[in-house]
6 protein chains.
Amino acid sequence: MELKGKTPSESKTIMTEMVLPNDTNHLHNLRGGKILHWMDIATAIAASKHAGAIVVTVSVDQVSFVNPIKLGDVVTIIAKVTRSFNTSIETHVEVWAENIPTQNKYKCNEAYYSFVALDSNGKPRKTATVIPESDEEIEQYEKALKRRQLRLIIAGRMKPEEADELKSLFTVNQKK
Amino acid sequence: MELKGKTPSESKTIMTEMVLPNDTNHLHNLRGGKILHWMDIATAIAASKHAGAIVVTVSVDQVSFVNPIKLGDVVTIIAKVTRSFNTSIETHVEVWAENIPTQNKYKCNEAYYSFVALDSNGKPRKTATVIPESDEEIEQYEKALKRRQLRLIIAGRMKPEEADELKSLFTVNQKK
Amino acid sequence: MELKGKTPSESKTIMTEMVLPNDTNHLHNLRGGKILHWMDIATAIAASKHAGAIVVTVSVDQVSFVNPIKLGDVVTIIAKVTRSFNTSIETHVEVWAENIPTQNKYKCNEAYYSFVALDSNGKPRKTATVIPESDEEIEQYEKALKRRQLRLIIAGRMKPEEADELKSLFTVNQKK
Amino acid sequence: MELKGKTPSESKTIMTEMVLPNDTNHLHNLRGGKILHWMDIATAIAASKHAGAIVVTVSVDQVSFVNPIKLGDVVTIIAKVTRSFNTSIETHVEVWAENIPTQNKYKCNEAYYSFVALDSNGKPRKTATVIPESDEEIEQYEKALKRRQLRLIIAGRMKPEEADELKSLFTVNQKK
Amino acid sequence: MELKGKTPSESKTIMTEMVLPNDTNHLHNLRGGKILHWMDIATAIAASKHAGAIVVTVSVDQVSFVNPIKLGDVVTIIAKVTRSFNTSIETHVEVWAENIPTQNKYKCNEAYYSFVALDSNGKPRKTATVIPESDEEIEQYEKALKRRQLRLIIAGRMKPEEADELKSLFTVNQKK
Amino acid sequence: MELKGKTPSESKTIMTEMVLPNDTNHLHNLRGGKILHWMDIATAIAASKHAGAIVVTVSVDQVSFVNPIKLGDVVTIIAKVTRSFNTSIETHVEVWAENIPTQNKYKCNEAYYSFVALDSNGKPRKTATVIPESDEEIEQYEKALKRRQLRLIIAGRMKPEEADELKSLFTVNQKK
């Protein structure tokens, strides 16, 4: 049976959370580990909606924490599926925070999480393809191959000289 | 004032946790996000002991989840400082799980977390250098430069052609 | 100073949560109290965004729980401001649940929560008026007076014969 | 089989809790949603004891929050069954708070929660009748019919002109 | 200033809790450590009410766990002050569990917790004496001296031959 | 089948935790009940590793809290098996805390927890004997008999005059 493709919007997931005392360090900043935890849940829900199945996390790409998030701030996490590869699904997630009394809203970080969809016996199963719509979605879809090669090289499962897509990623990064 | 160097053993941190129902998914596997959260706390304590100061997470390198951890298993997380760069500290963390009745013990994943040490005003402060002792510690110390260049390139803060250390990383990976 | 009015969309808040074991009863249904808790946080964030200030819950209208939500289901909570009265803000919140593998999505319940916006000394402060846009928002805005009178009567702070708006609410309900 | 009636005292449930940081807002007041959660658990236990069975929440009447509860205060929640209707059970719950060092004790709010008792197949089952003893219990028992009609009208399941008990509720409220 | 004595009833504290999945082990029994945690909070509230002040735990006497408490059971914890010694307060706590559908109610364990009352500078302060009323309260009051001597001997702060009260405790135990 | 003896080192368990706001009282000290909870988990893991089986807590000996642990401090809990008696296992646990910026490290308390190992039907099963190695382990092994007799006397299950080991315990304590 051919699986019908789905757009990223169909599985887009928005989470809103408040930063509570137990999730902060001595400086009243949200811990990096807690952010990673929330990102994992939001992206897992997005991947699960895309696959119509249970999913498990297989990897998280490098995450940088640029702006600290303060106690009491409202955190908005936006997760979308970017591309699927047979049984695996790549998702993108953005984290925004807002201090409501001062109306200061800022982007905190973003990342790519990868999942595998499982059937009812816990075995990997094929997932629907992704049909990107917006320009941003198309760009994320196209660059997904490069990110995948980098992941395989870092995990020691692909040789750098085989990574034909990766060179162009480096070239693209270079232009930023 | 010159800061005295410290060995990785001086800040080594061991955490033992049990996998509880709220941290698992429908397949009774520990969520990836919860593992990342525990790894962040263990590595933050190790970096904090090394620095003798409060630290904040600045980045997490790519993490792959190889073996799922089951409900009820005992998880052991071992964090050590690998190298420091002026105000930043790189740590390595390994996650092991054990099913006690079957005595099945297995490695789940590992990662590198980076931190910045802060003074009492919340400003970055210099940290002690790392003095590696064992062969594994020396290897991790030496390769830290390569990992750092890769981090900067992925974050778009270094051009690939400037990353002289990175080529040898690729070469090393290739041999695996 | 005149406060500029705001539309409900400007403060609309979406929360996505998963039903975890600790939040369920023996039948693996999400507890009513936990749903009320999530609804309170989502509506408080919406009211807070509208007011640009901290808010405190002053009342919750009657809530009926029609469809039970099962363990593992994904819960989506959508909160919007409906109308403000000087220092108080009424919000509407809807709760939807979805079982992803079966793609069964159903509405669970809805409610009205009221808040008071506070200034930095913890005293009630005036809030922006609400400018409803869609037909549904206009209807919720108009009926807010009736709900307010019913609230005051039930709390024993208004006499039924003074509740001129309430009669029409009863008339409206009757037609359903 | 005829079910033996039970007094409210037989199922009276007292919960004592402390207000912890994670349950408070920026003003160090306990969140309304957390109070509703505790009230739900206490009333569910009372209804469950009365029914000798598992119960599920079907509705909560309007709740007003009069006095804020502060961080560190001790909260006492007292739940009692007021009346049963075939398979449903109405309970009353009162929330008191106390600041121990100042010995300031104050009532915070009260509410009526309704439950349905379930048999081992998850189907509604008949519950014991309630035998009120004290004057307060008798008054709560008698007014239960009026509250029930108001609940049905608000939920759109009864026409106002059929609510013969409701008029007297309004009359009673008017005298307060 | 002479502190007025208080009866144990004035500070009696009742906690009702439900056993949730995260607090149980693989056999679905409530963990001993969680029971000790609840007992600590209930007795701390009782001691705090007696003292009209903040208290800190100084010791817990030996606790035996006789009957396991199962997932879903309702736990009732009853704490009362037994006697005070200058700045310290001894409390007694009983733990009961009930399986509601089967109406099986059983005592799980009991213990003595000791606290010190603190003034607003965190220094120990004198507390009111205890005026026992019931026969059980009088017996607990009288035997408090023996328990105190045993505590001091075990902690290595009293020599056994000085423990004149202890011999009679042993004699009393012997009769059981 | 004869069970092979195991050394305490084989089951030694180290837990590292941070003191978070929700676990502290008004003075920002970690609650005694939370420490007892962590000690229970660490010792249960150690006993479980020794037994290669699930264990349940049967008793905790008297615990004294000498030094308060402050918010933000890092807590290290070290648990080791001391001796086994047929189906029961005694463990020793030490709690240390460290304030990292001031490098102040201090011992907080210690205790003995006893467990019973269970087979897959939940029935007590024999456990391996303990082979103490270090001087401290040998001393703890030898004194285990005395602690056991004291436990049985306090629980009213042994007559004091039968406790031949206990006299020497008192003698030993006396020397401290």
# chains A, B, ... in the order shown; residues from 1 in each chain; ligands from 1

call {"tool": "interface_residues", "arguments": {"of": "chain C", "to": "chain B", "cutoff": "9 Å", "atoms": "only C-alpha atoms", "output": "PyMOL selection string"}}
result
chain C and resi 20-22+72

call {"tool": "select_by_dssp", "arguments": {"residues": "segment 19-154 of chain E", "states": "helix (DSSP H, G or I)", "output": "VMD selection string"}}
result
chain E and resid 21 to 23 32 to 51 135 to 154

call {"tool": "residues_around", "arguments": {"residues": "Gln149 of chain F", "least_positions_apart": "3", "cutoff": "9 Å", "atoms": "only C-alpha atoms", "output": "PyMOL selection string"}}
result
chain F and resi 144-146+152-154+158+160+162-166

call {"tool": "atom_distance", "arguments": {"atom1": "atom CA of Ile77 of chain B", "atom2": "atom CA of Val19 of chain F"}}
result
18.1 Å

call {"tool": "closest_residue", "arguments": {"among": "D:Pro124, D:Thr13, D:Leu71, D:Ala44", "to": "Asn99 of chain D", "atoms": "only C-alpha atoms"}}
result
D:Leu71

call {"tool": "residues_around", "arguments": {"residues": "segment 6-11 of chain D", "least_positions_apart": "3", "cutoff": "7 Å", "atoms": "only C-alpha atoms", "output": "PyMOL selection string"}}
result
chain D and resi 46+49-50+80-82+128-133

call {"tool": "residues_around", "arguments": {"residues": "segment 30-42 of chain F", "least_positions_apart": "4", "cutoff": "6 Å", "atoms": "only C-alpha atoms", "output": "PyMOL selection string"}}
result
(chain E and resi 33-34+36-37+40+57) or (chain F and resi 23-24+69+79)

call {"tool": "atom_distance", "arguments": {"atom1": "atom CA of Ala155 of chain B", "atom2": "atom CA of Asn109 of chain B"}}
result
22.9 Å

call {"tool": "residues_around", "arguments": {"residues": "Pro101 of chain D", "least_positions_apart": "5", "cutoff": "8 Å", "atoms": "only C-alpha atoms", "output": "list of chain:residue names"}}
result
E:Gly52, E:Ala53, E:Ile54

call {"tool": "write_last_selection", "arguments": {"atoms": "N, CA, C and O atoms", "output": "compact mmCIF listing (two decimals), in the first residue's frame"}}
result
# COMPACT_ATOMS: atom_id res chain seq x y z
N GLY E 52 3.67 26.73 66.81
CA GLY E 52 3.36 28.04 66.23
C GLY E 52 4.59 28.62 65.57
O GLY E 52 4.83 29.82 65.57
N ALA E 53 5.40 27.74 64.97
CA ALA E 53 6.69 28.16 64.42
C ALA E 53 7.15 27.16 63.39
O ALA E 53 6.59 26.07 63.27
N ILE E 54 8.16 27.54 62.63
CA ILE E 54 8.80 26.62 61.71
C ILE E 54 9.55 25.56 62.51
O ILE E 54 10.11 25.87 63.57

call {"tool": "select_by_dssp", "arguments": {"residues": "chain E", "states": "strand (DSSP E)", "output": "VMD selection string"}}
result
chain E and resid 13 to 18 54 to 60 63 to 64 74 to 85 88 to 99 104 to 118

call {"tool": "decode", "arguments": {"residues": "segment 115-130 of chain E", "atoms": "all heavy atoms", "output": "PDB file, in the first residue's frame"}}
result
ATOM      1  N   PHE E 115      11.355  16.907  66.209  1.00  0.00           N
ATOM      2  CA  PHE E 115      11.595  18.190  65.547  1.00  0.00           C
ATOM      3  C   PHE E 115      12.152  19.199  66.536  1.00  0.00           C
ATOM      4  O   PHE E 115      11.986  19.052  67.749  1.00  0.00           O
ATOM      5  CB  PHE E 115      10.273  18.742  64.982  1.00  0.00           C
ATOM      6  CG  PHE E 115       9.692  17.870  63.915  1.00  0.00           C
ATOM      7  CD1 PHE E 115       8.841  16.818  64.235  1.00  0.00           C
ATOM      8  CD2 PHE E 115      10.029  18.074  62.577  1.00  0.00           C
ATOM      9  CE1 PHE E 115       8.327  15.982  63.254  1.00  0.00           C
ATOM     10  CE2 PHE E 115       9.521  17.243  61.592  1.00  0.00           C
ATOM     11  CZ  PHE E 115       8.660  16.194  61.930  1.00  0.00           C
ATOM     12  N   VAL E 116      12.780  20.242  66.019  1.00  0.00           N
ATOM     13  CA  VAL E 116      13.145  21.398  66.838  1.00  0.00           C
ATOM     14  C   VAL E 116      12.427  22.607  66.254  1.00  0.00           C
ATOM     15  O   VAL E 116      12.405  22.779  65.029  1.00  0.00           O
ATOM     16  CB  VAL E 116      14.677  21.629  66.859  1.00  0.00           C
ATOM     17  CG1 VAL E 116      15.013  23.026  67.357  1.00  0.00           C
ATOM     18  CG2 VAL E 116      15.336  20.599  67.747  1.00  0.00           C
ATOM     19  N   ALA E 117      11.820  23.406  67.129  1.00  0.00           N
ATOM     20  CA  ALA E 117      11.141  24.626  66.690  1.00  0.00           C
ATOM     21  C   ALA E 117      12.158  25.753  66.591  1.00  0.00           C
ATOM     22  O   ALA E 117      13.060  25.849  67.412  1.00  0.00           O
ATOM     23  CB  ALA E 117      10.059  25.005  67.692  1.00  0.00           C
ATOM     24  N   LEU E 118      12.024  26.584  65.550  1.00  0.00           N
ATOM     25  CA  LEU E 118      12.996  27.655  65.321  1.00  0.00           C
ATOM     26  C   LEU E 118      12.319  29.024  65.355  1.00  0.00           C
ATOM     27  O   LEU E 118      11.176  29.171  64.926  1.00  0.00           O
ATOM     28  CB  LEU E 118      13.663  27.460  63.957  1.00  0.00           C
ATOM     29  CG  LEU E 118      14.407  26.142  63.746  1.00  0.00           C
ATOM     30  CD1 LEU E 118      14.915  26.045  62.313  1.00  0.00           C
ATOM     31  CD2 LEU E 118      15.565  25.995  64.725  1.00  0.00           C
ATOM     32  N   ASP E 119      13.058  30.017  65.840  1.00  0.00           N
ATOM     33  CA  ASP E 119      12.537  31.385  65.789  1.00  0.00           C
ATOM     34  C   ASP E 119      12.848  32.001  64.430  1.00  0.00           C
ATOM     35  O   ASP E 119      13.404  31.333  63.551  1.00  0.00           O
ATOM     36  CB  ASP E 119      13.097  32.230  66.945  1.00  0.00           C
ATOM     37  CG  ASP E 119      14.608  32.407  66.862  1.00  0.00           C
ATOM     38  OD1 ASP E 119      15.186  32.258  65.755  1.00  0.00           O
ATOM     39  OD2 ASP E 119      15.227  32.687  67.898  1.00  0.00           O
ATOM     40  N   SER E 120      12.514  33.256  64.241  1.00  0.00           N
ATOM     41  CA  SER E 120      12.644  33.856  62.913  1.00  0.00           C
ATOM     42  C   SER E 120      14.109  34.023  62.471  1.00  0.00           C
ATOM     43  O   SER E 120      14.385  34.261  61.304  1.00  0.00           O
ATOM     44  CB  SER E 120      11.907  35.201  62.855  1.00  0.00           C
ATOM     45  OG  SER E 120      12.371  36.029  63.898  1.00  0.00           O
ATOM     46  N   ASN E 121      15.053  33.847  63.400  1.00  0.00           N
ATOM     47  CA  ASN E 121      16.475  33.875  63.029  1.00  0.00           C
ATOM     48  C   ASN E 121      17.032  32.473  62.793  1.00  0.00           C
ATOM     49  O   ASN E 121      18.239  32.311  62.621  1.00  0.00           O
ATOM     50  CB  ASN E 121      17.305  34.549  64.127  1.00  0.00           C
ATOM     51  CG  ASN E 121      16.876  35.982  64.339  1.00  0.00           C
ATOM     52  OD1 ASN E 121      16.652  36.718  63.384  1.00  0.00           O
ATOM     53  ND2 ASN E 121      16.711  36.362  65.596  1.00  0.00           N
ATOM     54  N   GLY E 122      16.154  31.474  62.849  1.00  0.00           N
ATOM     55  CA  GLY E 122      16.627  30.113  62.623  1.00  0.00           C
ATOM     56  C   GLY E 122      17.267  29.492  63.854  1.00  0.00           C
ATOM     57  O   GLY E 122      17.929  28.465  63.770  1.00  0.00           O
ATOM     58  N   LYS E 123      17.083  30.117  65.036  1.00  0.00           N
ATOM     59  CA  LYS E 123      17.649  29.565  66.273  1.00  0.00           C
ATOM     60  C   LYS E 123      16.568  28.758  67.014  1.00  0.00           C
ATOM     61  O   LYS E 123      15.398  29.151  67.007  1.00  0.00           O
ATOM     62  CB  LYS E 123      18.107  30.717  67.205  1.00  0.00           C
ATOM     63  CG  LYS E 123      19.195  31.604  66.624  1.00  0.00           C
ATOM     64  CD  LYS E 123      20.527  30.876  66.541  1.00  0.00           C
ATOM     65  CE  LYS E 123      21.562  31.676  65.756  1.00  0.00           C
ATOM     66  NZ  LYS E 123      22.585  30.810  65.168  1.00  0.00           N
ATOM     67  N   PRO E 124      16.946  27.666  67.697  1.00  0.00           N
ATOM     68  CA  PRO E 124      15.972  26.885  68.474  1.00  0.00           C
ATOM     69  C   PRO E 124      15.238  27.767  69.481  1.00  0.00           C
ATOM     70  O   PRO E 124      15.839  28.664  70.088  1.00  0.00           O
ATOM     71  CB  PRO E 124      16.857  25.865  69.210  1.00  0.00           C
ATOM     72  CG  PRO E 124      18.056  25.700  68.350  1.00  0.00           C
ATOM     73  CD  PRO E 124      18.295  27.057  67.747  1.00  0.00           C
ATOM     74  N   ARG E 125      13.925  27.546  69.600  1.00  0.00           N
ATOM     75  CA  ARG E 125      13.169  28.316  70.593  1.00  0.00           C
ATOM     76  C   ARG E 125      12.309  27.374  71.432  1.00  0.00           C
ATOM     77  O   ARG E 125      11.922  26.302  70.985  1.00  0.00           O
ATOM     78  CB  ARG E 125      12.303  29.380  69.917  1.00  0.00           C
ATOM     79  CG  ARG E 125      11.328  28.831  68.918  1.00  0.00           C
ATOM     80  CD  ARG E 125      10.380  29.902  68.439  1.00  0.00           C
ATOM     81  NE  ARG E 125       9.057  29.658  68.983  1.00  0.00           N
ATOM     82  CZ  ARG E 125       7.977  30.367  68.678  1.00  0.00           C
ATOM     83  NH1 ARG E 125       8.069  31.395  67.857  1.00  0.00           N
ATOM     84  NH2 ARG E 125       6.821  30.088  69.200  1.00  0.00           N
ATOM     85  N   LYS E 126      12.014  27.783  72.644  1.00  0.00           N
ATOM     86  CA  LYS E 126      11.194  26.970  73.560  1.00  0.00           C
ATOM     87  C   LYS E 126       9.817  26.741  72.954  1.00  0.00           C
ATOM     88  O   LYS E 126       9.278  27.625  72.281  1.00  0.00           O
ATOM     89  CB  LYS E 126      11.014  27.713  74.883  1.00  0.00           C
ATOM     90  CG  LYS E 126      12.150  27.545  75.867  1.00  0.00           C
ATOM     91  CD  LYS E 126      11.838  28.256  77.168  1.00  0.00           C
ATOM     92  CE  LYS E 126      11.010  27.396  78.093  1.00  0.00           C
ATOM     93  NZ  LYS E 126      11.847  26.689  79.097  1.00  0.00           N
ATOM     94  N   THR E 127       9.252  25.577  73.223  1.00  0.00           N
ATOM     95  CA  THR E 127       7.891  25.335  72.725  1.00  0.00           C
ATOM     96  C   THR E 127       6.957  25.056  73.887  1.00  0.00           C
ATOM     97  O   THR E 127       7.398  24.722  74.984  1.00  0.00           O
ATOM     98  CB  THR E 127       7.843  24.130  71.772  1.00  0.00           C
ATOM     99  OG1 THR E 127       8.380  23.008  72.460  1.00  0.00           O
ATOM    100  CG2 THR E 127       8.606  24.396  70.508  1.00  0.00           C
ATOM    101  N   ALA E 128       5.672  25.185  73.604  1.00  0.00           N
ATOM    102  CA  ALA E 128       4.636  24.912  74.595  1.00  0.00           C
ATOM    103  C   ALA E 128       4.739  23.463  75.083  1.00  0.00           C
ATOM    104  O   ALA E 128       5.181  22.590  74.347  1.00  0.00           O
ATOM    105  CB  ALA E 128       3.267  25.150  73.962  1.00  0.00           C
ATOM    106  N   THR E 129       4.345  23.221  76.338  1.00  0.00           N
ATOM    107  CA  THR E 129       4.286  21.841  76.832  1.00  0.00           C
ATOM    108  C   THR E 129       3.060  21.157  76.234  1.00  0.00           C
ATOM    109  O   THR E 129       2.162  21.809  75.705  1.00  0.00           O
ATOM    110  CB  THR E 129       4.172  21.803  78.369  1.00  0.00           C
ATOM    111  OG1 THR E 129       3.065  22.621  78.729  1.00  0.00           O
ATOM    112  CG2 THR E 129       5.451  22.321  79.015  1.00  0.00           C
ATOM    113  N   VAL E 130       3.056  19.824  76.311  1.00  0.00           N
ATOM    114  CA  VAL E 130       1.944  19.030  75.778  1.00  0.00           C
ATOM    115  C   VAL E 130       1.063  18.588  76.944  1.00  0.00           C
ATOM    116  O   VAL E 130       1.574  18.129  77.973  1.00  0.00           O
ATOM    117  CB  VAL E 130       2.487  17.806  75.011  1.00  0.00           C
ATOM    118  CG1 VAL E 130       1.342  16.919  74.532  1.00  0.00           C
ATOM    119  CG2 VAL E 130       3.339  18.263  73.833  1.00  0.00           C
TER     120      VAL E 130
END
